[in-house]
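Q: Next comes the structure file my_file37.txt, holding compact mmCIF, C-alpha atoms.
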# COMPACT_ATOMS: atom_id res chain seq x y z
CA MET A 1378 -23.22 -44.90 -20.21
CA ALA A 1379 -19.79 -43.70 -21.10
CA ARG A 1380 -18.87 -42.52 -17.63
CA ARG A 1381 -15.15 -42.42 -17.33
CA GLN A 1382 -13.97 -44.54 -14.47
CA ALA A 1383 -12.01 -42.36 -12.06
CA PRO A 1384 -9.24 -44.29 -10.39
CA GLU A 1385 -10.35 -45.10 -6.87
CA ILE A 1386 -8.04 -44.52 -3.97
CA ASN A 1387 -7.59 -47.64 -1.97
CA ALA A 1388 -9.25 -46.88 1.31
CA GLY A 1389 -8.81 -50.29 2.81
CA SER A 1390 -6.50 -49.02 5.53
CA MET A 1391 -9.17 -46.60 6.75
CA ALA A 1392 -10.63 -49.40 8.76
CA ASP A 1393 -7.31 -49.81 10.54
CA ILE A 1394 -7.29 -46.13 11.40
CA ALA A 1395 -10.83 -46.44 12.69
CA PHE A 1396 -9.83 -49.30 14.94
CA LEU A 1397 -6.75 -47.45 16.11
CA LEU A 1398 -8.82 -44.47 17.19
CA LEU A 1399 -11.48 -46.68 18.63
CA ILE A 1400 -9.01 -48.61 20.74
CA PHE A 1401 -7.31 -45.45 21.91
CA PHE A 1402 -10.54 -43.93 23.15
CA LEU A 1403 -11.76 -47.23 24.55
CA VAL A 1404 -8.65 -47.43 26.67
CA THR A 1405 -8.74 -43.86 27.88
CA THR A 1406 -12.47 -43.79 28.58
CA THR A 1407 -13.45 -44.44 32.16
CA MET A 1408 -17.10 -45.15 32.19
CA ASP A 1409 -17.40 -45.52 35.91
CA VAL A 1410 -20.77 -44.43 37.06
CA ASP A 1411 -20.27 -42.89 40.43
CA THR A 1412 -22.35 -44.61 43.01
CA GLY A 1413 -22.52 -44.12 46.71
CA LEU A 1414 -24.59 -43.63 49.81
CA THR A 1415 -26.10 -40.18 49.83
CA ARG A 1416 -26.53 -38.60 53.22
CA LYS A 1417 -27.42 -35.23 54.58
CA LEU A 1418 -25.41 -33.71 57.38
CA PRO A 1419 -27.24 -31.89 60.13
CA PRO A 1420 -26.62 -28.16 60.09
CA MET A 1421 -24.36 -26.72 62.76
CA PRO A 1422 -26.43 -25.45 65.66
CA GLU A 1423 -26.50 -21.68 65.84
CA GLU A 1424 -25.76 -21.73 69.52
CA PRO A 1425 -24.86 -24.66 71.71
CA ILE A 1426 -28.00 -26.49 72.72
CA GLU A 1427 -28.49 -27.43 76.31
CA ASN A 1428 -28.24 -31.13 76.70
CA GLU A 1429 -31.39 -31.35 78.77
CA ASP A 1430 -33.53 -29.87 76.04
CA ILE A 1431 -33.28 -32.81 73.72
CA LYS A 1432 -34.40 -35.81 75.64
CA VAL A 1433 -35.64 -38.74 73.71
CA LYS A 1434 -37.14 -41.66 75.52
CA GLN A 1435 -34.94 -44.68 75.69
CA ARG A 1436 -37.51 -46.92 74.10
CA ASN A 1437 -37.59 -44.74 70.99
CA ILE A 1438 -33.89 -45.09 70.36
CA PHE A 1439 -32.17 -47.92 68.59
CA GLN A 1440 -28.62 -47.52 69.72
CA VAL A 1441 -25.78 -48.75 67.56
CA LEU A 1442 -22.23 -48.36 68.82
CA VAL A 1443 -19.09 -49.29 66.92
CA ASN A 1444 -15.78 -49.36 68.72
CA ALA A 1445 -12.20 -49.01 67.50
CA ASN A 1446 -11.95 -52.76 66.97
CA ASN A 1447 -14.96 -52.70 64.64
CA ASP A 1448 -17.13 -54.51 67.19
CA LEU A 1449 -20.79 -53.75 67.20
CA LEU A 1450 -22.92 -53.07 70.25
CA VAL A 1451 -26.63 -52.89 69.49
CA GLU A 1452 -29.02 -51.89 72.27
CA GLY A 1453 -26.44 -53.02 74.80
CA ASP A 1454 -25.72 -56.41 73.26
CA ILE A 1455 -22.80 -57.49 71.14
CA MET A 1456 -24.01 -58.33 67.68
CA ASP A 1457 -22.55 -59.47 64.41
CA VAL A 1458 -22.97 -56.93 61.65
CA SER A 1459 -24.80 -59.48 59.49
CA ASP A 1460 -27.62 -59.58 62.07
CA LEU A 1461 -27.96 -55.81 62.23
CA ARG A 1462 -30.40 -55.52 59.37
CA GLU A 1463 -32.93 -57.87 60.92
CA ALA A 1464 -32.63 -56.22 64.33
CA ALA A 1465 -33.09 -52.76 62.86
CA LYS A 1466 -36.08 -53.89 60.84
CA GLU A 1467 -37.73 -55.34 63.90
CA PHE A 1468 -37.20 -52.07 65.73
CA ILE A 1469 -38.45 -49.87 62.89
CA ILE A 1470 -41.62 -51.88 62.43
CA GLY A 1471 -42.08 -52.11 66.19
CA ASP A 1472 -45.34 -52.97 67.81
CA PRO A 1473 -48.34 -52.16 65.58
CA ASN A 1474 -50.39 -51.13 68.60
CA PHE A 1475 -47.58 -49.21 70.29
CA LEU A 1476 -48.24 -50.87 73.63
CA ASN A 1477 -45.12 -52.97 74.04
CA GLU A 1478 -42.67 -51.06 76.21
CA GLU A 1479 -39.69 -52.42 74.33
CA TYR A 1480 -40.64 -50.87 71.05
CA PRO A 1481 -40.94 -47.16 70.21
CA GLU A 1482 -43.99 -45.08 70.98
CA GLY A 1483 -46.48 -43.96 68.42
CA LYS A 1484 -47.50 -40.48 67.43
CA GLU A 1485 -50.62 -39.50 65.59
CA GLU A 1486 -49.93 -37.98 62.22
CA THR A 1487 -51.96 -37.08 59.19
CA ILE A 1488 -50.48 -38.39 55.98
CA PRO A 1489 -52.08 -37.90 52.58
CA LEU A 1490 -53.55 -41.16 51.24
CA LEU A 1491 -53.24 -42.84 54.62
CA GLY A 1492 -55.28 -40.45 56.71
CA THR A 1493 -54.59 -40.09 60.40
CA VAL A 1494 -52.34 -42.91 61.48
CA MET A 1495 -50.06 -43.77 64.34
CA VAL A 1496 -46.46 -43.32 63.27
CA SER A 1497 -43.62 -44.81 65.23
CA LYS A 1498 -41.29 -42.31 66.90
CA GLN A 1499 -38.28 -44.44 66.10
CA ILE A 1500 -34.79 -43.00 65.89
CA VAL A 1501 -31.70 -44.95 64.99
CA SER A 1502 -28.69 -43.57 66.78
CA LEU A 1503 -25.27 -44.43 65.44
CA GLN A 1504 -22.10 -43.69 67.30
CA ASN A 1505 -18.65 -44.73 66.26
CA ASP A 1506 -15.18 -44.38 67.59
CA ARG A 1507 -12.49 -42.31 65.94
CA GLY A 1508 -10.60 -45.53 65.41
CA THR A 1509 -13.42 -47.33 63.60
CA ASP A 1510 -12.55 -48.41 60.07
CA TYR A 1511 -14.34 -46.50 57.35
CA GLY A 1512 -15.29 -49.77 55.67
CA MET A 1513 -17.06 -50.92 58.82
CA TYR A 1514 -18.82 -47.59 59.14
CA ILE A 1515 -20.11 -47.86 55.58
CA THR A 1516 -21.26 -51.43 56.19
CA VAL A 1517 -23.23 -50.35 59.25
CA GLN A 1518 -24.72 -47.36 57.42
CA ASN A 1519 -25.59 -49.60 54.52
CA GLU A 1520 -27.31 -52.15 56.73
CA LEU A 1521 -29.37 -49.44 58.44
CA VAL A 1522 -30.43 -47.91 55.14
CA ALA A 1523 -31.20 -51.40 53.85
CA ALA A 1524 -33.39 -52.05 56.90
CA TYR A 1525 -35.40 -48.91 56.20
CA ASN A 1526 -35.69 -49.75 52.53
CA GLU A 1527 -36.89 -53.26 53.25
CA VAL A 1528 -39.45 -52.10 55.77
CA ARG A 1529 -40.73 -49.48 53.35
CA ASN A 1530 -40.83 -51.97 50.53
CA GLU A 1531 -42.86 -54.44 52.53
CA TYR A 1532 -45.25 -51.72 53.62
CA ALA A 1533 -45.68 -50.41 50.07
CA LEU A 1534 -46.34 -53.92 48.85
CA ARG A 1535 -48.99 -54.46 51.50
CA LYS A 1536 -50.64 -51.06 51.14
CA PHE A 1537 -50.41 -50.30 47.46
CA GLY A 1538 -49.57 -53.67 45.95
CA LYS A 1539 -46.28 -52.47 44.52
CA SER A 1540 -42.78 -52.28 45.94
CA LEU A 1541 -41.27 -48.90 46.66
CA ASP A 1542 -38.72 -49.23 43.86
CA GLN A 1543 -41.52 -49.85 41.43
CA LEU A 1544 -43.50 -46.89 42.73
CA GLU A 1545 -40.44 -44.68 42.49
CA LYS A 1546 -39.95 -45.66 38.87
CA GLU A 1547 -43.57 -44.87 38.12
CA SER A 1548 -43.54 -41.61 40.04
CA ALA A 1549 -41.76 -39.89 37.16
CA ASN A 1550 -44.98 -39.84 35.17
CA SER A 1551 -47.68 -40.58 37.69
CA LYS A 1552 -48.87 -38.21 40.33
CA LYS A 1553 -50.51 -41.02 42.23
CA ALA A 1554 -47.35 -43.09 42.47
CA GLU A 1555 -45.46 -40.03 43.65
CA MET A 1556 -47.97 -39.49 46.44
CA GLN A 1557 -47.75 -43.15 47.38
CA VAL A 1558 -43.97 -42.92 47.60
CA ASP A 1559 -44.26 -39.88 49.84
CA ALA A 1560 -46.85 -41.59 52.01
CA VAL A 1561 -44.64 -44.62 52.55
CA LYS A 1562 -41.66 -42.41 53.34
CA ASP A 1563 -43.72 -40.39 55.78
CA PHE A 1564 -44.98 -43.50 57.49
CA TYR A 1565 -41.48 -44.86 58.00
CA PRO A 1566 -39.28 -41.76 58.06
CA GLN A 1567 -35.59 -42.49 57.86
CA ARG A 1568 -34.11 -41.15 61.03
CA ILE A 1569 -30.48 -42.06 61.38
CA SER A 1570 -28.80 -39.79 63.86
CA GLU A 1571 -25.07 -39.73 64.20
CA ALA A 1572 -23.60 -38.76 67.50
CA GLU A 1573 -20.22 -37.12 67.76
CA PRO A 1574 -17.65 -39.86 67.83
CA LYS A 1575 -15.92 -40.84 70.98
CA ASN A 1576 -12.23 -41.26 71.27
CA VAL A 1577 -11.78 -44.32 73.39
CA GLY A 1578 -9.36 -46.39 71.39
CA ASP A 1579 -6.09 -44.70 70.58
CA GLN A 1580 -5.76 -42.27 67.67
CA MET B 178 -3.93 -44.09 -20.34
CA SER B 179 -3.91 -44.30 -16.67
CA LYS B 180 -1.16 -46.32 -15.13
CA PHE B 181 -3.44 -47.62 -12.49
CA LYS B 182 -6.10 -48.86 -14.79
CA LYS B 183 -6.73 -52.46 -14.20
CA LYS B 184 -5.75 -54.60 -17.06
CA LYS B 185 -8.62 -56.92 -16.65
CA GLY B 186 -11.96 -55.45 -17.37
CA GLY B 187 -14.01 -58.15 -15.74
CA GLY B 188 -14.17 -59.37 -12.13
CA GLN B 189 -15.92 -57.88 -9.13
CA PRO B 190 -15.89 -54.09 -8.82
CA ALA B 191 -14.23 -52.85 -5.60
CA ILE B 192 -16.65 -52.01 -2.81
CA SER B 193 -16.70 -48.32 -2.21
CA THR B 194 -15.16 -47.49 1.11
CA ALA B 195 -15.81 -43.80 0.83
CA SER B 196 -18.13 -43.86 3.84
CA LEU B 197 -15.49 -45.32 6.12
CA PRO B 198 -14.13 -41.91 7.13
CA ASP B 199 -17.63 -41.00 8.22
CA ILE B 200 -17.72 -44.04 10.44
CA VAL B 201 -14.33 -43.10 11.84
CA PHE B 202 -15.54 -39.63 12.67
CA MET B 203 -18.71 -40.91 14.18
CA LEU B 204 -16.81 -43.18 16.52
CA LEU B 205 -14.28 -40.48 17.20
CA PHE B 206 -16.92 -37.96 18.16
CA PHE B 207 -18.80 -40.45 20.27
CA PHE B 208 -15.78 -41.33 22.32
CA MET B 209 -14.55 -37.77 22.46
CA VAL B 210 -17.85 -36.70 23.93
CA THR B 211 -18.12 -39.52 26.43
CA THR B 212 -14.49 -39.56 27.52
CA VAL B 213 -13.81 -37.87 30.80
CA MET B 214 -10.14 -37.38 31.25
CA ARG B 215 -9.03 -37.75 34.82
CA GLU B 216 -8.76 -34.34 36.31
CA VAL B 217 -6.79 -35.21 39.38
CA THR B 218 -3.91 -37.51 39.91
CA LEU B 219 -4.54 -39.52 42.99
CA LYS B 220 -1.85 -39.16 45.55
CA VAL B 221 -3.57 -41.32 48.10
CA GLU B 222 -4.45 -44.96 47.89
CA VAL B 223 -8.23 -45.31 47.75
CA LYS B 224 -9.95 -48.65 47.76
CA ARG B 225 -13.59 -47.84 48.10
CA PRO B 226 -15.83 -50.01 50.26
CA LYS B 227 -18.80 -51.92 48.92
CA ALA B 228 -22.46 -51.29 49.60
CA THR B 229 -25.80 -52.52 48.37
CA GLU B 230 -28.12 -49.58 48.94
CA VAL B 231 -26.41 -47.16 46.60
CA ASN B 232 -27.71 -44.20 44.69
CA LYS B 233 -26.29 -42.93 41.46
CA LEU B 234 -24.55 -39.61 41.61
CA GLU B 235 -26.28 -37.33 39.18
CA ARG B 236 -25.03 -34.10 37.69
CA LYS B 237 -21.32 -34.81 37.85
CA SER B 238 -20.56 -31.16 37.28
CA LEU B 239 -22.02 -30.43 40.69
CA VAL B 240 -19.94 -33.00 42.53
CA SER B 241 -16.67 -32.19 44.25
CA TYR B 242 -14.46 -34.94 45.53
CA ILE B 243 -12.59 -35.32 48.77
CA TYR B 244 -10.07 -38.14 48.83
CA ILE B 245 -8.85 -39.68 52.06
CA GLY B 246 -6.41 -42.51 52.39
CA GLU B 247 -2.86 -43.56 52.88
CA PRO B 248 -0.35 -41.64 50.70
CA LYS B 249 0.95 -43.65 47.78
CA GLN B 250 4.32 -45.35 48.10
CA MET B 251 6.20 -42.58 46.31
CA TYR B 252 4.90 -39.92 48.67
CA GLN B 253 5.32 -41.86 51.87
CA GLY B 254 8.88 -40.67 52.40
CA GLN B 255 7.67 -37.12 52.50
CA TYR B 256 4.25 -37.43 54.03
CA GLY B 257 4.41 -40.58 56.10
CA SER B 258 1.94 -43.42 56.00
CA ALA B 259 -0.83 -41.97 58.15
CA ASP B 260 -4.14 -41.23 56.39
CA ARG B 261 -4.17 -37.92 54.56
CA ILE B 262 -6.76 -35.75 52.86
CA GLN B 263 -6.35 -34.89 49.22
CA LEU B 264 -8.21 -31.96 47.67
CA ASN B 265 -7.76 -31.38 43.95
CA ASP B 266 -4.14 -32.20 43.26
CA ALA B 267 -2.54 -31.62 46.61
CA PHE B 268 -2.46 -32.98 50.10
CA ALA B 269 -4.45 -30.91 52.51
CA THR B 270 -5.35 -30.69 56.14
CA LYS B 271 -8.77 -30.31 57.61
CA ARG B 272 -8.20 -26.58 57.94
CA ASP B 273 -8.18 -26.28 54.16
CA ILE B 274 -11.66 -27.76 53.79
CA ILE B 275 -13.65 -24.58 54.30
CA GLN B 276 -11.52 -22.76 51.78
CA PHE B 277 -11.90 -25.64 49.36
CA VAL B 278 -15.68 -25.53 49.72
CA GLU B 279 -15.70 -21.81 49.03
CA ALA B 280 -13.46 -22.20 46.00
CA GLU B 281 -15.67 -24.96 44.63
CA ARG B 282 -18.75 -22.86 45.16
CA GLU B 283 -17.24 -19.94 43.35
CA GLN B 284 -16.80 -22.03 40.23
CA ARG B 285 -20.47 -22.92 40.06
CA ASP B 286 -23.50 -20.99 39.07
CA PRO B 287 -24.91 -19.37 42.24
CA ALA B 288 -28.30 -20.94 41.52
CA GLU B 289 -26.75 -24.38 41.59
CA VAL B 290 -24.74 -24.00 44.77
CA PRO B 291 -27.42 -25.54 46.99
CA LEU B 292 -27.40 -28.65 44.82
CA MET B 293 -23.69 -29.25 45.17
CA THR B 294 -22.63 -32.59 46.57
CA PHE B 295 -19.36 -33.43 48.22
CA SER B 296 -18.36 -36.97 47.54
CA PHE B 297 -16.11 -38.84 49.93
CA LYS B 298 -13.71 -41.19 48.22
CA VAL B 299 -12.27 -42.83 51.25
CA ASP B 300 -10.19 -45.95 51.61
CA GLU B 301 -11.97 -48.68 53.51
CA GLU B 302 -9.06 -49.04 55.90
CA ALA B 303 -9.04 -45.36 56.81
CA LYS B 304 -10.07 -44.46 60.33
CA MET B 305 -13.31 -42.64 61.04
CA GLY B 306 -11.53 -39.92 63.03
CA ILE B 307 -10.24 -38.08 59.98
CA VAL B 308 -13.53 -38.60 58.12
CA THR B 309 -15.45 -37.14 61.04
CA ASP B 310 -13.15 -34.13 61.14
CA VAL B 311 -13.83 -33.48 57.47
CA LYS B 312 -17.57 -33.87 58.07
CA GLN B 313 -17.45 -31.36 60.90
CA GLU B 314 -15.60 -28.89 58.65
CA LEU B 315 -18.22 -29.37 55.94
CA ARG B 316 -20.93 -28.67 58.47
CA LYS B 317 -19.13 -25.48 59.44
CA ALA B 318 -18.97 -24.50 55.79
CA ASN B 319 -22.67 -25.36 55.51
CA ALA B 320 -22.05 -27.94 52.80
CA LEU B 321 -24.52 -30.54 53.95
CA LYS B 322 -25.10 -32.72 50.92
CA ILE B 323 -22.57 -35.49 51.01
CA ASN B 324 -22.08 -38.84 49.41
CA TYR B 325 -19.96 -41.77 50.49
CA SER B 326 -18.56 -43.21 47.31
CA THR B 327 -18.89 -46.98 47.20
CA TYR B 328 -18.94 -49.82 44.74
CA LYS B 329 -22.25 -51.47 44.15
CA THR B 330 -22.46 -55.09 45.13
CA ASP B 331 -25.29 -57.50 45.70
CA ASP B 332 -24.05 -58.94 48.97
CA ILE B 333 -21.56 -57.19 51.19
CA PHE B 334 -20.93 -60.22 53.34
CA LYS B 335 -20.01 -62.47 50.46
CA ASP B 336 -16.25 -62.15 50.45
CA GLN B 337 -15.29 -60.98 53.83
Could you render the structure as structure tokens?

A:
Amino acid sequence: MARRQAPEINAGSMADIAFLLLIFFLVTTTMDVDTGLTRKLPPMPEEPIENEDIKVKQRNIFQVLVNANNDLLVEGDIMDVSDLREAAKEFIIGDPNFLNEEYPEGKEETIPLLGTVMVSKQIVSLQNDRGTDYGMYITVQNELVAAYNEVRNEYALRKFGKSLDQLEKESANSKKAEMQVDAVKDFYPQRISEAEPKNVGDQ
Amino acid sequence: MSKFKKKKGGGQPAISTASLPDIVFMLLFFFMVTTVMREVTLKVEVKRPKATEVNKLERKSLVSYIYIGEPKQMYQGQYGSADRIQLNDAFATKRDIIQFVEAEREQRDPAEVPLMTFSFKVDEEAKMGIVTDVKQELRKANALKINYSTYKTDDIFKDQ
């Protein structure tokens, strides 16, 4: 083996260059995954709707008011925001027989997998002031969404033996799980209605 | 012959580092692909609120951002310290929203326009009044998919 040894270039500093580039890109990279609460705005009405046309019975509405001082009024009572989730859950679940006057009425609906069931006519109504802090608004929104998610989770666990998150993960490759997710969502539809804000506090 | 020839014949042969450039390029390409350079310079102070029930924003190319907050210190002389809206690189008023929505739509594939999301990056201290105004303008522009940008946390009441 008389292979002539070519002189090798010392490439030891290549590693330094690699680290230099690596550190540069590490510093400039922002790997923030954007997260947030996704909502859908109601479309603008084509023509102004008469106020009398949309009457919802008082017992079907869960009223949440936030004033300019970030105080919370739930169904006419002052409440701390940390208690909102429990109160909303209680309202969403309501009375299983729909007889109690304090809880929302039921409506017969046909849902795949569940058959014809009584579904609560619940609506959560949220109204805030123009002076409410955005942080407070997000907290309230978050608590209401959390209440729905918890109720749905409990229901899914009882009905199908799996939590909703689990079913949603499985729904990517299982038709049955997808139907179960839809059934749970149909049974407890998320109805958060936002009224036009009032301007009571200044600004 | 060669000047560089080692005098000693024995000893350990040097480890070949010829593949190091490949590693460099691999890393370089990886980070080049994943790096998203900031497109806008923030002119408003935005400290996003926290929430637990968050969704991930998918398809970043279909997301347009609306920033609302107090102007940064350097702009306060000119714009005051009341909450302002920032669209792209400039301060805007709520009257500019519809135009902004149209401009954003024009940049996208018409088939993807219905999937566009408008993400609110709003300071937690901002007042709802200005946010509501923006929401009303979005409704007028028929841009109904929105997202309130938040940090994910496990317990919002922990440090309040």

Q: With a distance threshold of 6 Å and counting all atoms listed in the file, extract the residues of chain B near chain A and express them as number ranges by chain.

A: B: 194, 201, 208, 212, 226, 231-234, 301-306, 316, 321-327

Q: Using C-alpha atoms, can you write the selected residues to a file as an mmCIF file, in the coordinates of the input?

A:
data_model
loop_
_atom_site.group_PDB
_atom_site.id
_atom_site.type_symbol
_atom_site.label_atom_id
_atom_site.label_comp_id
_atom_site.auth_asym_id
_atom_site.auth_seq_id
_atom_site.Cartn_x
_atom_site.Cartn_y
_atom_site.Cartn_z
ATOM 1 C CA THR B 194 -15.160 -47.490 1.110
ATOM 2 C CA VAL B 201 -14.330 -43.100 11.840
ATOM 3 C CA PHE B 208 -15.780 -41.330 22.320
ATOM 4 C CA THR B 212 -14.490 -39.560 27.520
ATOM 5 C CA PRO B 226 -15.830 -50.010 50.260
ATOM 6 C CA VAL B 231 -26.410 -47.160 46.600
ATOM 7 C CA ASN B 232 -27.710 -44.200 44.690
ATOM 8 C CA LYS B 233 -26.290 -42.930 41.460
ATOM 9 C CA LEU B 234 -24.550 -39.610 41.610
ATOM 10 C CA GLU B 301 -11.970 -48.680 53.510
ATOM 11 C CA GLU B 302 -9.060 -49.040 55.900
ATOM 12 C CA ALA B 303 -9.040 -45.360 56.810
ATOM 13 C CA LYS B 304 -10.070 -44.460 60.330
ATOM 14 C CA MET B 305 -13.310 -42.640 61.040
ATOM 15 C CA GLY B 306 -11.530 -39.920 63.030
ATOM 16 C CA ARG B 316 -20.930 -28.670 58.470
ATOM 17 C CA LEU B 321 -24.520 -30.540 53.950
ATOM 18 C CA LYS B 322 -25.100 -32.720 50.920
ATOM 19 C CA ILE B 323 -22.570 -35.490 51.010
ATOM 20 C CA ASN B 324 -22.080 -38.840 49.410
ATOM 21 C CA TYR B 325 -19.960 -41.770 50.490
ATOM 22 C CA SER B 326 -18.560 -43.210 47.310
ATOM 23 C CA THR B 327 -18.890 -46.980 47.200
#

Q: Dig up all the protein and nucleic acid residues within 6 Å of (-29.0, -47.3, 66.7) in the file frame, using only C-alpha atoms, and format them as a list in words.

A: Phe1439, Gln1440, Val1441, Val1501, Ser1502 and Leu1503 of chain A

Q: Tell me which of B:Val221, B:Thr229, B:Phe277, B:Phe202 sits closest to Gly257 (chain B), counting all atoms listed in the file.

A: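 Between B:Val221, B:Thr229, B:Phe277, B:Phe202, the residue approaching Gly257 (chain B) most closely is B:Val221.
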
Q: Using all atoms listed in the file, which of B:Gln250, B:Ser241, B:Thr270, B:Gln313 sits nearest Lys298 (chain B)?

A: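 Smallest distance to Lys298 (chain B) is found for B:Ser241.
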
Q: I need the residue nearest Arg1535 (chain A) from this list: A:Ala1549, A:Val1561, A:Leu1490, A:Asp1472. Use all atoms listed in the file for the distance.

A: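 Nearest to Arg1535 (chain A): A:Val1561.
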
Q: Determine the nearest neighbour of Leu1476 (chain A) from the options A:Leu1442, A:Met1495, A:Ala1533, A:Ile1488, counting all atoms listed in the file.

A: A:Met1495

Q: Figure out the distance between CA of Val311 (chain B) and CA of Val278 (chain B), please, to one decimal in Å.

A: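 Distance between the two atoms: 11.3 Å.
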
Q: So that I can see what lies close to Arg236 (chain B), please list as a PDB file with C-alpha atoms, keeping the file's coordinate frame the residues with an atom at most 10 Å from it, counting only C-alpha atoms and leaving out residues fewer than 6 positions away in the same chain.

A:
ATOM      1  CA  LEU B 292     -27.400 -28.650  44.820  1.00  0.00           C
ATOM      2  CA  MET B 293     -23.690 -29.250  45.170  1.00  0.00           C
ATOM      3  CA  THR B 294     -22.630 -32.590  46.570  1.00  0.00           C
TER       4      THR B 294
END

Q: Kindly add N, CA, C and O atoms to the incomplete region 238-253 of chain B and provide the output as a CSV table (one decimal), in the coordinates of the input.

A:
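What ended up in rebuild-v5.csv:
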chain,number,residue,atom,x,y,z
B,238,SER,N,-21.2,-32.5,37.2
B,238,SER,CA,-20.6,-31.2,37.3
B,238,SER,C,-20.8,-30.5,38.6
B,238,SER,O,-20.1,-29.5,39.0
B,239,LEU,N,-21.7,-31.0,39.4
B,239,LEU,CA,-22.0,-30.4,40.7
B,239,LEU,C,-21.4,-31.2,41.8
B,239,LEU,O,-21.7,-31.0,43.0
B,240,VAL,N,-20.5,-32.2,41.5
B,240,VAL,CA,-19.9,-33.0,42.5
B,240,VAL,C,-18.5,-32.6,42.7
B,240,VAL,O,-17.7,-32.5,41.7
B,241,SER,N,-18.1,-32.4,43.9
B,241,SER,CA,-16.7,-32.2,44.2
B,241,SER,C,-16.2,-33.4,45.1
B,241,SER,O,-16.9,-33.9,45.9
B,242,TYR,N,-15.0,-33.7,44.9
B,242,TYR,CA,-14.5,-34.9,45.5
B,242,TYR,C,-13.5,-34.6,46.6
B,242,TYR,O,-12.7,-33.7,46.5
B,243,ILE,N,-13.6,-35.4,47.7
B,243,ILE,CA,-12.6,-35.3,48.8
B,243,ILE,C,-12.0,-36.7,48.9
B,243,ILE,O,-12.7,-37.7,49.1
B,244,TYR,N,-10.7,-36.8,48.8
B,244,TYR,CA,-10.1,-38.1,48.8
B,244,TYR,C,-9.4,-38.3,50.2
B,244,TYR,O,-8.7,-37.4,50.6
B,245,ILE,N,-9.6,-39.4,50.8
B,245,ILE,CA,-8.8,-39.7,52.1
B,245,ILE,C,-8.3,-41.1,52.0
B,245,ILE,O,-9.0,-42.0,51.6
B,246,GLY,N,-7.0,-41.2,52.4
B,246,GLY,CA,-6.4,-42.5,52.4
B,246,GLY,C,-4.9,-42.4,52.7
B,246,GLY,O,-4.4,-41.3,53.0
B,247,GLU,N,-4.3,-43.5,52.6
B,247,GLU,CA,-2.9,-43.6,52.9
B,247,GLU,C,-2.1,-43.0,51.7
B,247,GLU,O,-2.5,-43.3,50.5
B,248,PRO,N,-1.1,-42.2,51.9
B,248,PRO,CA,-0.4,-41.6,50.7
B,248,PRO,C,0.3,-42.8,49.9
B,248,PRO,O,0.6,-43.8,50.5
B,249,LYS,N,0.4,-42.6,48.6
B,249,LYS,CA,1.0,-43.6,47.8
B,249,LYS,C,2.4,-43.8,48.1
B,249,LYS,O,3.1,-42.9,48.6
B,250,GLN,N,2.9,-45.0,47.7
B,250,GLN,CA,4.3,-45.4,48.1
B,250,GLN,C,5.3,-44.2,47.8
B,250,GLN,O,6.1,-43.9,48.7
B,251,MET,N,5.2,-43.6,46.7
B,251,MET,CA,6.2,-42.6,46.3
B,251,MET,C,6.1,-41.3,47.2
B,251,MET,O,7.1,-40.5,47.2
B,252,TYR,N,5.0,-41.1,47.8
B,252,TYR,CA,4.9,-39.9,48.7
B,252,TYR,C,5.1,-40.2,50.1
B,252,TYR,O,5.1,-39.3,51.0
B,253,GLN,N,5.3,-41.5,50.5
B,253,GLN,CA,5.3,-41.9,51.9
B,253,GLN,C,6.6,-41.3,52.6
B,253,GLN,O,6.5,-41.0,53.8
